[in-house]
Amino acid sequence: MISNRIFYLLALITVGWAITYFLRALPFILFSLKIKKLPPWIDKVGIIISPIIIAFLIVYSYSSLKYTTLSPYIAGIITVILQLIVRNPLVSIIAGTISYMLLIR
């Protein structure tokens with residue numbers, strides 16, 4: 001028999017999963033019911049969200065750095081340049097990470 005602690009833990013995980021699943025499915029449910037085309041403000045948010053996330057990541061990453069080496073700054077410049085050229089966040093983040101790992105060796 002399952003003890004009460006394990007039962008409550010499993011119940012909590014299940015409720016958390018259900019709420020997360022519902023919140024992630026909610027926009028698809030809302031926009032598939034009546035609206036065939038997304039509102040213009042959602043299109044604008046979709047266009048600018050990647051550069052904003054990259055900027056936040058860079059600011060957060062550099063906020064606690066000590067100015068002892070240029071490796072993080074070079075990797076950050078590579079990441080920003082690739083984001084401006086390729087416009088693919090996955091490519092620029094992976095390339096920036098790889099360049100940083102190569103530069104610290």
# chains A, B, ... in the order shown; residues from 1 in each chain; ligands from 1
>>> residues_around(residues="region 58-67 of chain A", least_positions_apart="6", cutoff="12 Å", atoms="only C-alpha atoms", output="JSON, numbers by chain")
{"A": [51, 52, 73, 74, 75, 76, 77, 78, 79, 80, 93, 96, 97]}
>>> write_last_selection(atoms="N, CA, C and O atoms", output="short mmCIF file (atom, residue, chain, number, x, y, z; two decimals), in the first residue's frame")
data_model
loop_
_atom_site.label_atom_id
_atom_site.label_comp_id
_atom_site.auth_asym_id
_atom_site.auth_seq_id
_atom_site.Cartn_x
_atom_site.Cartn_y
_atom_site.Cartn_z
N PRO A 51 14.61 38.07 -30.28
CA PRO A 51 15.68 39.02 -29.92
C PRO A 51 15.60 39.48 -28.47
O PRO A 51 16.63 39.70 -27.82
N ILE A 52 14.39 39.61 -27.93
CA ILE A 52 14.25 40.02 -26.54
C ILE A 52 14.81 38.95 -25.61
O ILE A 52 15.51 39.25 -24.64
N TYR A 73 32.91 37.65 -23.81
CA TYR A 73 32.50 38.77 -24.65
C TYR A 73 32.59 38.42 -26.13
O TYR A 73 31.73 38.79 -26.92
N ILE A 74 33.62 37.69 -26.50
CA ILE A 74 33.75 37.26 -27.90
C ILE A 74 32.61 36.30 -28.26
O ILE A 74 32.00 36.42 -29.32
N ALA A 75 32.31 35.37 -27.36
CA ALA A 75 31.21 34.44 -27.60
C ALA A 75 29.88 35.19 -27.69
O ALA A 75 29.02 34.85 -28.51
N GLY A 76 29.70 36.19 -26.86
CA GLY A 76 28.47 37.00 -26.92
C GLY A 76 28.35 37.76 -28.22
O GLY A 76 27.26 37.86 -28.80
N ILE A 77 29.46 38.31 -28.69
CA ILE A 77 29.45 39.02 -29.98
C ILE A 77 29.12 38.06 -31.11
O ILE A 77 28.33 38.39 -32.00
N ILE A 78 29.68 36.87 -31.07
CA ILE A 78 29.38 35.86 -32.09
C ILE A 78 27.89 35.51 -32.05
O ILE A 78 27.23 35.40 -33.10
N THR A 79 27.34 35.35 -30.85
CA THR A 79 25.92 35.02 -30.71
C THR A 79 25.03 36.12 -31.28
O THR A 79 24.08 35.85 -32.03
N VAL A 80 25.33 37.36 -30.96
CA VAL A 80 24.52 38.48 -31.45
C VAL A 80 24.63 38.61 -32.96
O VAL A 80 23.62 38.79 -33.66
N ILE A 93 22.42 30.47 -30.32
CA ILE A 93 22.74 30.07 -28.95
C ILE A 93 23.72 28.91 -28.94
O ILE A 93 24.70 28.89 -28.18
N GLY A 96 27.12 30.21 -30.08
CA GLY A 96 27.74 31.01 -29.02
C GLY A 96 28.28 30.14 -27.90
O GLY A 96 29.37 30.38 -27.38
N THR A 97 27.53 29.10 -27.55
CA THR A 97 28.00 28.19 -26.50
C THR A 97 29.23 27.42 -26.93
O THR A 97 30.20 27.29 -26.18
#
>>> closest_residue(among="A:Ile54, A:Leu103, A:Gln83, A:Lys44", to="Thr69 (chain A)", atoms="only C-alpha atoms")
A:Leu103
>>> select_by_dssp(residues="chain A", states="alpha helix (DSSP H)", output="PyMOL selection string")
chain A and resi 4-33+40-62+71-86+89-103
>>> residues_around(residues="Ser50 (chain A)", least_positions_apart="3", cutoff="10 Å", atoms="only C-alpha atoms", output="list in words")
Val45, Gly46, Ile47, Ile53, Ile54, Ala55, Phe56, Gln83, Arg87, Asn88, Pro89 and Leu90 of chain A
